[in-house]
$ cat protein28.txt   # compact mmCIF, C-alpha atoms
# COMPACT_ATOMS: atom_id res chain seq x y z
CA MET L 6 -55.60 34.88 -47.82
CA ASN L 7 -53.92 32.72 -50.50
CA LYS L 8 -52.24 30.79 -47.73
CA TYR L 9 -55.55 29.29 -46.63
CA GLN L 10 -57.13 28.96 -50.10
CA ARG L 11 -57.18 25.14 -50.04
CA GLN L 12 -59.18 25.10 -46.82
CA THR L 13 -61.40 28.15 -47.36
CA ILE L 14 -62.79 26.56 -50.56
CA LEU L 15 -64.32 23.90 -48.29
CA PRO L 16 -67.92 24.91 -47.67
CA GLN L 17 -67.43 23.92 -43.99
CA VAL L 18 -64.68 26.54 -43.64
CA GLY L 19 -65.10 29.48 -46.03
CA ILE L 20 -63.89 33.02 -45.33
CA ASN L 21 -66.10 33.15 -42.23
CA GLY L 22 -64.59 29.98 -40.84
CA GLN L 23 -61.09 31.28 -41.48
CA GLN L 24 -61.99 34.40 -39.51
CA LYS L 25 -63.27 32.23 -36.62
CA LEU L 26 -59.96 30.35 -36.63
CA ALA L 27 -57.99 33.60 -36.56
CA GLU L 28 -59.98 34.82 -33.55
CA ALA L 29 -59.91 31.52 -31.65
CA ARG L 30 -57.98 31.17 -28.40
CA VAL L 31 -56.84 27.63 -27.59
CA LEU L 32 -54.90 26.49 -24.53
CA ILE L 33 -52.84 23.31 -24.75
CA VAL L 34 -51.99 21.66 -21.43
CA GLY L 35 -48.92 19.52 -22.06
CA ALA L 36 -46.21 19.94 -24.70
CA GLY L 37 -45.35 16.22 -24.90
CA GLY L 38 -46.28 13.69 -27.57
CA LEU L 39 -49.90 14.77 -28.04
CA GLY L 40 -49.06 18.48 -27.88
CA CYS L 41 -46.24 18.16 -30.42
CA ALA L 42 -48.56 16.35 -32.85
CA LEU L 43 -51.47 18.74 -32.73
CA LEU L 44 -49.74 22.12 -32.26
CA PRO L 45 -48.22 22.56 -35.76
CA TYR L 46 -51.54 21.60 -37.40
CA LEU L 47 -53.52 24.05 -35.28
CA ALA L 48 -51.00 26.81 -36.02
CA ALA L 49 -50.90 25.96 -39.74
CA ALA L 50 -54.71 26.05 -39.97
CA GLY L 51 -54.55 29.69 -38.87
CA ILE L 52 -55.71 29.53 -35.25
CA GLY L 53 -54.76 32.98 -34.05
CA ASN L 54 -53.92 32.41 -30.40
CA LEU L 55 -52.28 29.39 -28.85
CA GLY L 56 -51.23 29.09 -25.21
CA ILE L 57 -49.02 26.19 -24.12
CA VAL L 58 -48.57 25.20 -20.46
CA ASP L 59 -45.87 22.76 -19.38
CA GLY L 60 -43.03 22.99 -16.87
CA ASP L 61 -41.01 20.16 -18.47
CA GLN L 62 -37.68 20.49 -20.24
CA VAL L 63 -36.76 18.51 -23.35
CA GLU L 64 -35.03 15.19 -22.64
CA GLU L 65 -33.36 12.84 -25.07
CA SER L 66 -35.99 10.14 -24.37
CA ASN L 67 -38.70 12.53 -25.64
CA LEU L 68 -37.32 12.92 -29.16
CA HIS L 69 -38.69 9.68 -30.65
CA ARG L 70 -42.26 11.02 -30.35
CA GLN L 71 -42.12 14.74 -29.52
CA ILE L 72 -41.35 15.84 -33.03
CA LEU L 73 -41.13 19.60 -32.46
CA TYR L 74 -37.85 19.12 -30.62
CA THR L 75 -34.35 18.39 -31.90
CA PRO L 76 -31.24 17.30 -29.98
CA LYS L 77 -30.31 21.01 -29.78
CA ASN L 78 -33.37 21.64 -27.61
CA ILE L 79 -32.35 19.17 -24.88
CA GLY L 80 -32.49 20.97 -21.54
CA GLU L 81 -34.63 23.79 -22.91
CA HIS L 82 -38.18 24.39 -21.68
CA LYS L 83 -40.52 22.46 -24.00
CA VAL L 84 -42.97 25.34 -24.29
CA GLU L 85 -40.16 27.76 -25.34
CA ALA L 86 -38.84 25.34 -27.97
CA ALA L 87 -42.38 24.69 -29.23
CA LYS L 88 -43.08 28.42 -29.43
CA THR L 89 -39.91 29.01 -31.47
CA PHE L 90 -40.96 26.27 -33.90
CA LEU L 91 -44.54 27.55 -34.24
CA LYS L 92 -43.51 31.20 -34.68
CA ALA L 93 -41.17 30.18 -37.54
CA GLN L 94 -43.97 28.18 -39.08
CA GLN L 95 -46.62 30.87 -38.63
CA PRO L 96 -45.16 34.34 -37.93
CA GLU L 97 -48.53 36.03 -37.28
CA LEU L 98 -49.45 33.51 -34.55
CA HIS L 99 -49.88 34.87 -31.02
CA CYS L 100 -48.25 32.16 -28.96
CA THR L 101 -47.90 32.30 -25.19
CA ALA L 102 -45.50 29.86 -23.54
CA TYR L 103 -46.18 29.22 -19.84
CA THR L 104 -43.10 27.56 -18.33
CA GLU L 105 -45.01 26.16 -15.39
CA TYR L 106 -47.17 23.17 -14.58
CA LEU L 107 -50.91 23.54 -14.47
CA SER L 108 -51.99 23.62 -10.82
CA GLY L 109 -54.96 24.38 -8.63
CA GLU L 110 -53.42 27.83 -8.15
CA ASN L 111 -53.13 28.88 -11.82
CA ALA L 112 -55.71 26.79 -13.72
CA LEU L 113 -58.82 28.95 -13.32
CA ASP L 114 -57.07 32.22 -14.26
CA LEU L 115 -55.41 30.61 -17.29
CA PHE L 116 -58.57 28.92 -18.55
CA LYS L 117 -60.51 32.21 -18.40
CA GLU L 118 -58.20 33.58 -21.12
CA TYR L 119 -59.06 30.84 -23.66
CA ASP L 120 -62.09 29.40 -25.53
CA ILE L 121 -61.03 25.75 -25.78
CA ILE L 122 -58.77 23.67 -23.55
CA ILE L 123 -56.79 20.72 -24.90
CA ASP L 124 -55.90 17.98 -22.43
CA ALA L 125 -52.56 16.69 -23.70
CA THR L 126 -51.02 15.83 -20.33
CA ASP L 127 -49.60 12.54 -19.18
CA ARG L 128 -50.83 12.49 -15.60
CA ILE L 129 -54.20 11.34 -14.43
CA GLU L 130 -54.54 13.86 -11.58
CA VAL L 131 -53.95 16.72 -14.03
CA ARG L 132 -56.79 15.35 -16.16
CA TYR L 133 -59.14 15.79 -13.19
CA LEU L 134 -57.73 19.27 -12.56
CA ILE L 135 -58.31 20.23 -16.22
CA ASN L 136 -61.81 18.81 -16.09
CA ASP L 137 -62.82 20.60 -12.90
CA ALA L 138 -61.29 23.95 -13.91
CA ALA L 139 -62.99 23.72 -17.32
CA VAL L 140 -66.37 23.05 -15.72
CA LEU L 141 -65.97 26.04 -13.37
CA THR L 142 -64.90 28.34 -16.24
CA ASN L 143 -67.39 26.81 -18.71
CA LYS L 144 -64.88 25.74 -21.41
CA PRO L 145 -64.94 22.63 -23.60
CA VAL L 146 -62.06 20.17 -23.16
CA VAL L 147 -60.63 18.19 -26.07
CA TYR L 148 -59.23 15.11 -24.39
CA GLY L 149 -56.63 12.62 -25.59
CA SER L 150 -54.69 9.97 -23.69
CA ILE L 151 -52.52 6.99 -24.48
CA HIS L 152 -51.85 3.51 -23.21
CA ARG L 153 -49.19 1.79 -25.32
CA PHE L 154 -50.79 1.25 -28.75
CA GLU L 155 -54.23 2.54 -27.77
CA GLY L 156 -55.51 6.06 -27.49
CA GLN L 157 -58.70 7.58 -26.10
CA VAL L 158 -60.29 10.72 -27.51
CA SER L 159 -63.38 12.62 -26.40
CA VAL L 160 -64.71 16.14 -25.93
CA PHE L 161 -65.88 17.04 -22.43
CA ASN L 162 -68.09 19.80 -21.10
CA TYR L 163 -69.13 20.74 -24.63
CA GLU L 164 -72.35 22.76 -24.50
CA ASN L 165 -72.87 21.54 -20.95
CA GLY L 166 -72.32 17.91 -22.02
CA PRO L 167 -70.72 15.04 -20.06
CA THR L 168 -67.30 15.52 -18.45
CA TYR L 169 -64.27 13.38 -17.66
CA ARG L 170 -65.78 12.66 -14.24
CA CYS L 171 -68.93 11.27 -15.93
CA LEU L 172 -66.67 8.83 -17.77
CA PHE L 173 -64.21 8.03 -14.98
CA PRO L 174 -65.68 9.29 -11.68
CA LYS L 175 -62.80 8.31 -9.41
CA ALA L 176 -59.16 9.36 -9.46
CA VAL L 177 -56.99 6.25 -9.63
CA GLU L 178 -53.42 5.13 -10.25
CA VAL L 179 -52.69 4.62 -13.96
CA PRO L 180 -49.32 4.10 -15.68
CA SER L 181 -47.93 6.96 -17.83
CA CYS L 182 -46.01 6.65 -21.17
CA GLU L 183 -42.81 6.73 -19.17
CA GLU L 184 -43.89 3.62 -17.29
CA ALA L 185 -45.84 1.80 -20.03
CA GLY L 186 -43.88 2.67 -23.20
CA VAL L 187 -45.28 4.21 -26.38
CA LEU L 188 -44.63 4.50 -30.12
CA GLY L 189 -44.54 7.97 -31.66
CA THR L 190 -47.09 7.08 -34.32
CA SER L 191 -49.75 6.11 -31.75
CA VAL L 192 -49.45 9.38 -29.88
CA GLY L 193 -49.27 11.32 -33.16
CA LEU L 194 -52.49 9.80 -34.41
CA ILE L 195 -54.41 10.58 -31.23
CA GLY L 196 -53.06 14.15 -31.22
CA MET L 197 -54.32 14.53 -34.78
CA LEU L 198 -57.80 13.31 -33.81
CA GLN L 199 -57.80 15.92 -31.04
CA ALA L 200 -56.75 18.65 -33.50
CA ALA L 201 -59.64 17.65 -35.79
CA GLU L 202 -62.11 18.03 -32.89
CA VAL L 203 -60.69 21.47 -32.06
CA LEU L 204 -61.18 22.65 -35.65
CA LYS L 205 -64.77 21.32 -35.74
CA ILE L 206 -65.63 23.11 -32.49
CA ILE L 207 -64.25 26.42 -33.79
CA LEU L 208 -65.82 26.02 -37.23
CA GLU L 209 -69.11 24.79 -35.73
CA THR L 210 -69.25 21.95 -38.23
CA GLY L 211 -69.50 18.16 -38.20
CA ASN L 212 -70.32 16.03 -35.16
CA VAL L 213 -68.25 16.93 -32.13
CA LEU L 214 -67.19 13.85 -30.13
CA SER L 215 -69.20 14.84 -27.05
CA GLY L 216 -70.79 12.08 -24.92
CA GLU L 217 -68.69 9.52 -26.79
CA LEU L 218 -65.35 7.93 -26.09
CA LEU L 219 -63.36 6.87 -29.14
CA ILE L 220 -60.60 4.31 -28.67
CA TYR L 221 -58.17 3.74 -31.52
CA ASN L 222 -55.79 0.79 -31.49
CA THR L 223 -52.80 1.22 -33.81
CA LEU L 224 -51.70 -2.39 -33.36
CA THR L 225 -54.96 -3.84 -34.69
CA ALA L 226 -55.96 -0.78 -36.79
CA THR L 227 -59.42 -0.88 -35.21
CA GLN L 228 -61.53 1.68 -33.45
CA ASP L 229 -64.37 1.46 -30.95
CA ARG L 230 -66.81 4.11 -29.83
CA PHE L 231 -68.71 4.14 -26.56
CA LYS L 232 -71.57 6.42 -25.61
CA PHE L 233 -71.78 7.84 -22.10
CA LYS L 234 -74.19 10.20 -20.40
CA LYS L 235 -73.88 13.18 -18.15
CA ASN L 236 -73.96 12.14 -14.50
CA GLU L 237 -76.15 14.75 -12.84
CA ASN L 238 -75.03 13.62 -9.37
CA ILE L 239 -71.55 14.98 -10.00
CA GLN L 240 -71.36 18.59 -8.89
CA ILE L 241 -68.14 20.52 -9.30
CA THR L 242 -68.02 23.61 -7.12
CA GLN L 243 -65.32 26.08 -6.12
CA GLU L 244 -65.23 24.32 -2.77
CA SER L 245 -64.73 20.84 -4.24
CA PHE L 246 -62.13 22.31 -6.62
CA ASN L 247 -60.17 23.85 -3.74
CA ALA L 248 -60.33 20.67 -1.71
CA ALA L 249 -59.18 18.49 -4.62
CA HIS L 250 -56.58 20.72 -6.27
CA LYS L 251 -55.20 23.38 -3.93
CA ASN L 252 -52.14 22.29 -1.98
CA ASN L 253 -52.30 24.76 0.84
CA TYR L 254 -56.00 24.31 1.29
CA SER L 255 -56.45 21.37 3.60
CA PRO L 256 -59.46 21.59 5.82
CA LYS L 257 -59.45 17.79 5.54
CA VAL L 258 -57.57 15.52 7.92
CA SER L 259 -57.36 11.75 8.24
CA PHE L 260 -58.86 10.16 11.30
CA SER L 261 -56.67 8.68 13.98
CA ILE L 262 -57.76 7.67 17.45
CA ASP L 263 -55.49 10.40 18.92
CA LEU L 264 -57.83 13.02 17.49
CA LEU L 265 -60.32 12.02 20.18
CA VAL L 266 -58.02 13.18 23.02
CA ASN L 267 -59.09 16.79 22.59
CA GLY L 268 -61.42 16.32 19.68
CA ILE L 269 -65.07 15.71 19.05
CA LEU L 270 -66.45 14.07 15.93
CA VAL L 271 -69.49 15.73 14.41
CA ASP L 272 -71.83 13.65 12.28
CA VAL L 273 -73.63 16.05 9.91
CA ARG L 274 -75.76 13.39 8.24
CA THR L 275 -79.49 13.12 8.82
CA LYS L 276 -80.47 10.82 11.68
CA GLU L 277 -81.73 8.10 9.29
CA GLU L 278 -78.42 7.54 7.50
CA GLN L 279 -76.49 4.36 8.27
CA PRO L 280 -74.18 3.23 9.76
CA ARG L 281 -74.60 5.21 12.98
CA ILE L 282 -71.47 5.60 15.05
CA ALA L 283 -72.13 4.90 18.67
CA ASN L 284 -69.35 6.62 20.59
CA ALA L 285 -69.29 9.13 23.42
CA SER L 286 -67.12 11.47 21.33
CA VAL L 287 -69.64 11.77 18.48
CA LEU L 288 -72.01 14.71 18.27
CA GLU L 289 -74.95 14.35 15.89
CA ILE L 290 -75.89 17.63 14.19
CA PRO L 291 -77.49 17.32 10.74
CA LEU L 292 -76.11 19.96 8.37
CA GLN L 293 -79.48 21.75 8.20
CA GLU L 294 -79.42 22.33 11.97
CA LEU L 295 -75.82 23.50 12.16
CA ASN L 296 -76.54 27.22 12.11
CA ARG L 297 -78.84 26.90 15.11
CA LYS L 298 -76.24 24.98 17.12
CA VAL L 299 -73.28 27.34 16.74
CA GLN L 300 -73.34 28.31 20.43
CA ASP L 301 -72.90 24.64 21.43
CA PHE L 302 -69.33 24.59 20.08
CA GLU L 303 -66.52 25.29 22.59
CA SER L 304 -63.34 27.14 21.61
CA SER L 305 -61.22 24.78 23.73
CA LYS L 306 -62.15 21.74 21.61
CA ASP L 307 -61.29 20.57 18.09
CA TYR L 308 -64.22 19.49 15.95
CA TYR L 309 -63.88 16.92 13.16
CA PHE L 310 -66.80 16.74 10.75
CA PHE L 311 -67.86 13.74 8.76
CA CYS L 312 -70.76 12.55 6.62
CA GLN L 313 -71.09 9.82 3.98
CA SER L 314 -68.74 11.04 1.24
CA GLY L 315 -67.11 14.10 2.77
CA ALA L 316 -69.00 16.73 0.77
CA ARG L 317 -71.33 17.82 3.56
CA ALA L 318 -68.48 17.72 6.07
CA LEU L 319 -66.63 20.28 3.94
CA GLN L 320 -69.77 22.37 3.65
CA ALA L 321 -70.09 22.35 7.44
CA VAL L 322 -66.50 23.55 7.85
CA ARG L 323 -67.17 26.36 5.40
CA LEU L 324 -70.37 27.36 7.20
CA LEU L 325 -68.48 27.62 10.48
CA LYS L 326 -65.55 29.59 9.03
CA GLU L 327 -67.00 32.93 10.07
CA HIS L 328 -67.19 31.73 13.68
CA LYS L 329 -63.50 32.13 14.34
CA HIS L 330 -63.61 30.52 17.79
CA ILE L 331 -64.62 27.14 16.36
CA ASN L 332 -61.75 24.84 15.36
CA ALA L 333 -63.40 22.89 12.57
CA LYS L 334 -61.90 20.40 10.14
CA ALA L 335 -63.44 17.81 7.84
CA LEU L 336 -62.38 14.17 7.98
CA THR L 337 -61.18 12.39 4.85
CA GLU L 338 -63.11 9.29 5.90
CA GLY L 339 -66.81 8.70 5.49
CA ALA L 340 -69.06 7.15 8.14
CA ALA L 341 -68.55 3.55 7.01
CA GLN L 342 -64.76 3.80 7.17
CA LEU L 343 -64.83 5.66 10.48
CA GLN L 344 -66.98 3.00 12.06
CA LYS L 345 -64.39 0.37 11.16
CA LEU L 346 -61.47 2.51 12.37
CA ILE L 347 -63.13 3.33 15.68
CA THR L 348 -64.18 -0.28 16.30
CA THR L 349 -60.66 -1.55 15.56
CA ALA L 350 -59.05 1.08 17.77
CA SER L 351 -61.26 0.41 20.79
CA VAL L 352 -60.74 -3.38 20.74
CA MET F 1 -75.71 -17.83 -22.85
CA GLU F 2 -72.59 -16.56 -24.57
CA ILE F 3 -71.15 -13.06 -24.32
CA THR F 4 -68.11 -11.36 -25.82
CA LEU F 5 -65.68 -9.59 -23.52
CA LYS F 6 -63.49 -6.84 -25.00
CA TYR F 7 -60.45 -5.69 -23.08
CA PHE F 8 -58.69 -2.33 -23.36
CA GLY F 9 -55.58 -0.63 -21.97
CA GLN F 10 -53.75 -2.48 -19.23
CA LEU F 11 -56.40 -5.21 -19.29
CA VAL F 12 -55.16 -6.40 -22.70
CA ASP F 13 -51.72 -7.05 -21.21
CA VAL F 14 -53.15 -8.78 -18.16
CA MET F 15 -55.71 -10.94 -19.99
CA GLY F 16 -53.35 -11.67 -22.89
CA THR F 17 -56.05 -10.95 -25.48
CA HIS F 18 -58.19 -8.12 -26.86
CA GLU F 19 -61.37 -10.11 -27.01
CA GLU F 20 -62.92 -13.44 -26.03
CA THR F 21 -66.36 -15.00 -26.43
CA ARG F 22 -67.35 -17.30 -23.63
CA PRO F 23 -70.37 -18.90 -22.00
CA VAL F 24 -71.50 -17.29 -18.74
CA ASP F 25 -73.94 -18.41 -16.09
CA CYS F 26 -74.66 -14.98 -14.64
CA SER F 27 -77.71 -12.97 -15.65
CA THR F 28 -76.66 -9.43 -14.60
CA THR F 29 -73.63 -7.16 -14.87
CA LEU F 30 -73.24 -7.19 -11.08
CA ALA F 31 -72.81 -10.96 -11.04
CA LEU F 32 -70.47 -10.76 -14.03
CA LEU F 33 -68.35 -8.10 -12.29
CA GLU F 34 -68.12 -10.25 -9.19
CA GLN F 35 -66.89 -13.16 -11.31
CA LEU F 36 -64.39 -11.01 -13.22
CA LYS F 37 -62.94 -9.52 -10.05
CA LYS F 38 -62.18 -12.98 -8.70
CA ASN F 39 -59.28 -12.91 -11.14
CA ASN F 40 -56.57 -11.33 -8.98
CA ALA F 41 -54.71 -10.00 -12.01
CA ILE F 42 -57.50 -7.59 -12.88
CA SER F 43 -58.97 -6.90 -9.45
CA HIS F 44 -56.59 -3.95 -8.89
CA ILE F 45 -57.19 -2.33 -12.30
CA PRO F 46 -59.96 0.28 -12.36
CA PHE F 47 -62.33 0.15 -15.32
CA GLN F 48 -65.77 1.15 -16.52
CA LEU F 49 -68.21 -1.26 -18.18
CA ALA F 50 -69.99 -0.78 -21.47
CA ILE F 51 -72.68 -3.08 -22.87
CA ASN F 52 -73.04 -2.95 -26.64
CA GLN F 53 -71.11 0.36 -26.86
CA LYS F 54 -72.97 2.10 -24.03
CA LEU F 55 -71.42 2.82 -20.65
CA ILE F 56 -73.44 1.61 -17.68
CA ASP F 57 -73.50 2.49 -14.00
CA GLN F 58 -71.49 -0.28 -12.33
CA ASP F 59 -73.60 -0.16 -9.18
CA GLU F 60 -76.71 -1.06 -11.15
CA ALA F 61 -77.69 -4.62 -12.04
CA VAL F 62 -78.18 -4.56 -15.82
CA SER F 63 -79.48 -7.79 -17.37
CA LEU F 64 -77.24 -9.64 -19.78
CA HIS F 65 -78.46 -11.19 -23.00
CA ASP F 66 -77.02 -13.79 -25.31
CA GLY F 67 -74.62 -12.16 -27.77
CA ASP F 68 -73.96 -9.04 -25.67
CA VAL F 69 -70.59 -7.38 -26.13
CA ILE F 70 -69.16 -6.20 -22.82
CA ALA F 71 -66.22 -3.79 -22.93
CA LEU F 72 -63.92 -3.22 -19.96
CA LEU F 73 -62.57 0.32 -20.21
CA PRO F 74 -59.76 1.51 -17.96
CA PRO F 75 -58.63 5.16 -17.90
CA TYR F 76 -55.33 5.92 -19.70
CA ALA F 77 -52.78 8.41 -18.42
CA GLY F 78 -50.15 8.78 -21.16
CA GLY F 79 -49.72 11.68 -23.49

$ encode --input "protein28.txt" --output "structure tokens"
Amino acid sequence: MNKYQRQTILPQVGINGQQKLAEARVLIVGAGGLGCALLPYLAAAGIGNLGIVDGDQVEESNLHRQILYTPKNIGEHKVEAAKTFLKAQQPELHCTAYTEYLSGENALDLFKEYDIIIDATDRIEVRYLINDAAVLTNKPVVYGSIHRFEGQVSVFNYENGPTYRCLFPKAVEVPSCEEAGVLGTSVGLIGMLQAAEVLKIILETGNVLSGELLIYNTLTATQDRFKFKKNENIQITQESFNAAHKNNYSPKVSFSIDLLVNGILVDVRTKEEQPRIANASVLEIPLQELNRKVQDFESSKDYYFFCQSGARALQAVRLLKEHKHINAKALTEGAAQLQKLITTASV
Amino acid sequence: MEITLKYFGQLVDVMGTHEETRPVDCSTTLALLEQLKKNNAISHIPFQLAINQKLIDQDEAVSLHDGDVIALLPPYAGG
């Protein structure tokens, strides 16, 4: 244990803490700038099991900030090159390299194998995927992201705490490092802050950055912290996960006026909700009454469900799944949008 | 009433500064947001609002007070 003597003499670590590190299982999503910064420190600290997921190969333009790779690694899978580095650094490490991208198909199974997930990706939609899969598998997420000289760090879903969706509810378009540019030191610093959070979670010490967003600016050498709360209205379910992240799962379609040729729109909201859509092709069946109305559906028609946000429409489609004769799909649009589309189309 | 606006991420590039203190004639965050979004350069950038280091629900009208620090926080993607 001489190797870890300088950290086990810390009362916050000790022999017990070292044992916790050895038993810990941490999954890193992304072997780019953030991943390269935090991986060697996590391995060096004695974390026993590291998984790395990334389908990318090393490119020359990565080398200025992705310090685990050398020009010899160009063209190689990042996760393979990272694993080689980490195994040389720490021979007893169990390191699993997944040469694939995280997707709606593999995320849940992968997350189940680990205790902590690190979000070190560079794409906003993957951040939502990580968040949702972590909520469903009940794992904390140590989050880091970069815009030029600024980095954000937080810990999501820690002991049932706030998640990425509580901070940024909607998926939006945001530039990546490739588009915005970045210095290696900025990404290195944020990766190191993430690594520190991972160690605190495993060692059960200090204040974990849950319910707080830390923003560090390397250009001004300043940091800001913002508190945020759990949004209890946000529910992540297997159904919402499938709809958001599984490619081949598309019970949702976009409305076009052609759908009305052989289709019927079904409004599953309660009768009080506005706006109402006055059109001969709209059937009003509140979700609660759907089971009692199954015999009203004809196999020769296509039914398109809608509500306010789309959540109940998806629920309706799921409820009707067992009735194979009903052709049911949910519409991407909510009532307000549909009203506009239908009004425009009939003018 | 004077408030301080702090910009982050893409908003720094668009506004050309990290921070500015300026007089405002609006009494709630809703009115402030409406004013801010009149600036075409930022209207397409998504962000969350924090008052004095606490995130608020943007659909709620939160009263503003003299000396408040309002942060505009966009999501970042890079890594």

$ interface_residues --input "protein28.txt" --of "chain L" --to "chain F" --cutoff "7 Å" --atoms "only C-alpha atoms" --output "ChimeraX atom specification"
/L:37-39,125-129,150-152,155,173,179-182,192,230-233

$ atom_distance --input "protein28.txt" --atom1 "atom CA of L:Asp61" --atom2 "atom CA of L:Lys88"
13.9 Å

$ atom_distance --input "protein28.txt" --atom1 "atom CA of L:Asp229" --atom2 "atom CA of F:Thr4"
14.3 Å

$ atom_distance --input "protein28.txt" --atom1 "atom CA of L:Tyr106" --atom2 "atom CA of L:Val84"
10.8 Å

$ closest_residue --input "protein28.txt" --among "L:Lys83, L:Arg153, L:Lys235, L:His99" --to "L:Gly51" --atoms "all atoms listed in the file"
L:His99

$ residues_near_point --input "protein28.txt" --point "(-64.0, 29.7, -33.7)" --cutoff "10 Å" --atoms "all atoms listed in the file" --output "PyMOL selection string"
chain L and resi 21-31+52-53+120-121+203-209

$ write_last_selection --input "protein28.txt" --atoms "C-alpha atoms" --output "compact mmCIF listing (two decimals), in the frame of the given file"
# COMPACT_ATOMS: atom_id res chain seq x y z
CA ASN L 21 -66.10 33.15 -42.23
CA GLY L 22 -64.59 29.98 -40.84
CA GLN L 23 -61.09 31.28 -41.48
CA GLN L 24 -61.99 34.40 -39.51
CA LYS L 25 -63.27 32.23 -36.62
CA LEU L 26 -59.96 30.35 -36.63
CA ALA L 27 -57.99 33.60 -36.56
CA GLU L 28 -59.98 34.82 -33.55
CA ALA L 29 -59.91 31.52 -31.65
CA ARG L 30 -57.98 31.17 -28.40
CA VAL L 31 -56.84 27.63 -27.59
CA ILE L 52 -55.71 29.53 -35.25
CA GLY L 53 -54.76 32.98 -34.05
CA ASP L 120 -62.09 29.40 -25.53
CA ILE L 121 -61.03 25.75 -25.78
CA VAL L 203 -60.69 21.47 -32.06
CA LEU L 204 -61.18 22.65 -35.65
CA LYS L 205 -64.77 21.32 -35.74
CA ILE L 206 -65.63 23.11 -32.49
CA ILE L 207 -64.25 26.42 -33.79
CA LEU L 208 -65.82 26.02 -37.23
CA GLU L 209 -69.11 24.79 -35.73

$ residues_around --input "protein28.txt" --residues "F:Ala61" --least-positions-apart "2" --cutoff "6 Å" --atoms "only C-alpha atoms" --output "list of chain:residue names"
F:Thr28, F:Thr29, F:Leu30

$ residues_around --input "protein28.txt" --residues "F:Pro23" --least-positions-apart "4" --cutoff "12 Å" --atoms "all atoms listed in the file" --output "count of residues only"
12

$ closest_residue --input "protein28.txt" --among "F:Ala31, F:Ala41, F:Leu11, F:Cys26" --to "F:Leu72" --atoms "only C-alpha atoms"
F:Leu11

$ residues_near_point --input "protein28.txt" --point "(-45.1, 20.0, -25.5)" --cutoff "10 Å" --atoms "all atoms listed in the file" --output "ChimeraX atom specification"
/L:33-44,57-63,67,71-74,82-88,125-126 /F:79

$ closest_residue --input "protein28.txt" --among "L:Leu270, L:Leu295, L:Leu107, L:Val140" --to "L:Tyr309" --atoms "only C-alpha atoms"
L:Leu270

$ residues_around --input "protein28.txt" --residues "L:Glu202" --least-positions-apart "5" --cutoff "9 Å" --atoms "only C-alpha atoms" --output "list in words"
Val147, Ser159, Val160, Met197, Ile207, Asn212, Val213 and Leu214 of chain L
